[in-house]
Structures are given as structure tokens and as C-alpha cells.
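Notes follow the structure.
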Amino acid sequence: MHIPDGFIDGTTSAGAAVVAAGGLGASLRRAGEVLDERRVPLAGLVAAFVFAVQMLNFPVASGTSGHLLGGALAAVLVGPAVGAVCVSVVLAVQALLFADGGLSALGLNVLNMALLTAFGGYAVFVVVRHLLPRTSSSVVVASGVAAAVSVVISAMAFTAEYAIGGTGTAAVSTVAGAMVGVHMLIGIGEGVITGLVVGAVVATRPDLVWGARGLAFRSPATGSVAERVAA
Amino acid sequence: MRAVSRPVRLGFGAFIAGGLIVALALAFFVSPSASGEPDGLNKVAIDKGFADTENDHALDDAPTAGYEVRGVDDDRLSTGVAGVVGVTITFAVAGGVLLLVRRTRGATPTQGLPH
């Protein structure tokens with residue numbers, strides 16, 4: 001899903017960079033307000049984990065692979081603002097160190113793969129979670145659904161950018177159908193992986209999962225049941 | 001209110017350390033086996049005839065460009081080492097950036113961290 005230089009024209013890329021900078025700036029301000037300093041290592045871990053899992057391309061169809069975007073996963077684990085910052089760092093490291101994702105397209109990529117997946121994915125997560133019983137299983141299921149949808153959102157965002165400033169000659173409707181189709185398949189993988197990871201964290205340290213804050217959990221220190229009310 | 005009876009097993013430090021070990025292991029041991037097929041966007045670009053609009057990346061000569069470490073001839077090792085470098089740097093940069101914004105912009109009082 002990393003857009004290289006050239007797919008989208010300079011004007012559109014620059015416009016996306018402005019929007020992405022605004023969104024990232026707002027996310028950083030929000031992160032500064034909500035992130036407990038002692039939880040900073042958790043956010044660093046989420047970013048590092050997303051980097052690692054983005055390297056793991058899995059086959060989805062003949063001659064096609066996909067990898068986790070991780071925005072929805074990060075949002076469920078550390079909240080959408082901190083999550084968006086985490087994935088943005090991943091994208092910057094990939095573009096600057098590994099020549100993955102064009103430099104002129106960094107704004108597009110931050111917009112599509114960090115901001116839209118984290119905030120869009122989290123919005124879906126919140127809706128799905130409220131439709132389900134208040135259990136840890138519901139957090140896992142809602143995470144998976146949100147992750148799957150977030151990939152399609154990201155694919156639709158690319159299609160919109162292609163419609164505005166794509167340098168190719170293929171019709172927008174053709175690109176739209178192909179992008180959404182293949183990313184629905186990739187989204188299934190994203191949903192399964194996200195559900196597995198959130199499930200593992202919920203089973204180990206449910207108190208560290210932002211999206212599980214409304215659940216009661218047992219304190220590791222005292223063994224007593226601590227309860228938090230969802231914000 | 002529903003209580004989750006599942007016991008919590010790991011301390012915070014152990015959780016972070018364990019998570020990092022998992023991330024490093026995935027990057028080093030698993031990423032060399034990842035699918036090399038084009039991803040969804042690149043496949044669409046090839047099929048719909050706009051793959052050739054891609055320009056060369058300005059940093060294609062970087063020592064770790066393309067997730068390969070220059071000078072490491074073994075492909076699997078090269079990718080694995082690049083992954084370890086990426087995981088480590090990403091952890092440091094994300095942690096550093098967030099610590100900075102927390103210290104400069106933080107408004108709410110620090111809340112207790114579960115042990």
C-alpha cells in the first residue's frame with residue numbers, strides 16, 4: 001500500500017502532505033495530553049511491532065501479497081492519536097531508511113496508512129464494540145472488524161487521490177474496483193492478525209489495552225478486581 | 001459490572017521486553033520468508049498499466065534500501081538484519097517523539113500505571 005513517487009502528481013502529493021501534517025500535529029498534541037509518561041515504552045513497542053509485522057507480506061491471491069497496515073491495531077492498543085503517531089513514525093523510518101514509500105508521497109502515505117486507519121479504524125471499533133456485550137471477546141472481535149474495514153478505507157483513499165492527481169491513464173472506476181477488491185482480501189488478513197494480537201494482549205495485560213478500558217480486570221499486584229468505567 | 005476472572009501474569013517491564021523480543025524475532029526470522037509478490041497497490045498498478053509512472057526513490061542508494069543491508073551477501077540474513085535495525089530504530093524514534101510531546105505538551109497529571 002506504500003505509494004511510491006510518481007503515482008500521484010506533485011500538487012496532489014503536496015496537498016496531502018499539508019493535510020497529513022495537520023492531522024499528525026493534532027495527533028501529537030492529543031498524544032501529549034492522554035499518554036501517561038510511564039506508558040511511553042508501550043507506544044514505542046506498538047510502533048516497533050507494527051514495523052516488524054509490516055515486513056511480513058502474506059499471499060492473498062495469485063501473484064499478490066498484502067501486509068498489515070497496523071493503524072487500527074495501534075489505535076485499539078494505545079488510542080487513535082498515539083496510534084496514528086506510532087504508524088507515522090513507522091512510515092517515516094521506512095521511507096528514509098529503507099526507500100519504501102516515496103519521499104514526495106510521504107504525506108499521502110501518512111494520510112492513508114496512519115491517520116485514516118487509526119482514526120477511521122477506531123471509529124469502526126467503537127461502533128462495533130457498543131453493539132456487542134461488554135466482554136474482552138467483544139474487544140477482540142471489534143478490533144478485527146475495524147482492522148478489516150480500515151484497509152478498505154485506505155484503499156478508497158488511494159483511489160480518491162488517484163482520481164484527483166493520478167498520473168496513470170487507467171480509468172478511476174477501474175482502479176477503484178481493483179483497489180477495493182484486492183484490499184477486501186488483504187483486509188481479512190489484517191482483521192485476523194489484529195484480532196490475534198489484541199487477543200494475546202487482552203489475555204496477558206488487559207489493563208494496557210486502550211480499547212478495553214471499560215472492562216473490569218484483575219490487578220496483577222493485589223489480585224483484587226479493579227474496575228474502570230469507560231470514558 | 002462483569003469481572004474478568006482471567007489472571008494477569010506479566011509485569012509491565014516484562015511485557016515490554018517480551019513484546020520487543022517477539023517483534024525482533026518476527027523481523028529477523030520470519031520476514032526473510034515473507035511473500036515477495038507485489039502488494040495490493042503494486043499489483044493494481046501493474047494490472048491497470050500505471051506501474052511505469054513510478055519514479056526511482058531518491059534514497060535507493062541508502063545502505064539499507066529495500067530492506068537489504070549493503071555488504072551482507074546472504075539474502076535472508078540481509079533482510080533479517082535490516083528488520084532488526086528497523087524495529088530498534090522505530091522503537092527509539094517513536095518512544096523519543098512521544099516522550100518529547102508528553103514532556104512539552106502534557107497537560108493532565110500522570111496517572112498510576114498498573115504494575
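We label chains A, B, ... in the order they appear in the C-alpha cells, count residues from 1 in each chain, and number ligands from 1 in the order shown.
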List the neighbours of A:Asp5 out to 7 Å using only C-alpha atoms; skip same-chain residues closer than 6 positions along the sequence, and give me the result as a list in words.
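With the cut-off at 7 Å, the set is Gly102, Leu103, Ser104 and Ala105 of chain A; Glu54, Asn55 and His57 of chain B.
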DSSP helix (DSSP H, G or I) residues within chain B, as a PyMOL selection string:
chain B and resi 12-33+40-47+51-53+65-67+75-105
For the atom pair atom CA of A:Val197 and atom CA of A:Val140, what is the interatomic distance in Å to one decimal place?
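Calculated distance between atom CA of A:Val197 and atom CA of A:Val140 is 8.7 Å.
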Straight-line distance linking atom CA of A:Leu108 with atom CA of A:Ala16, stated in Å to one decimal
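Interatomic distance, atom CA of A:Leu108 to atom CA of A:Ala16: 5.3 Å.
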Tell me which of B:Asp47, B:Gly86, B:Ala14, B:Ala65 sits closest to chain A, counting only C-alpha atoms.
B:Ala65
Compile the contact shell of B:Gly83 as a PyMOL selection string: residues with an atom at most 10 Å away, counting only C-alpha atoms, same-chain residues fewer than 2 positions apart removed.
(chain A and resi 51-53+55+98) or (chain B and resi 23-32+64+67-69+77-81+85-89)
Hey, which of A:Leu24, A:Ala160, A:Asp207, A:Leu115 ends up closest to chain B? Count only C-alpha atoms.
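Checking each candidate against chain B, we get A:Asp207 as the closest.
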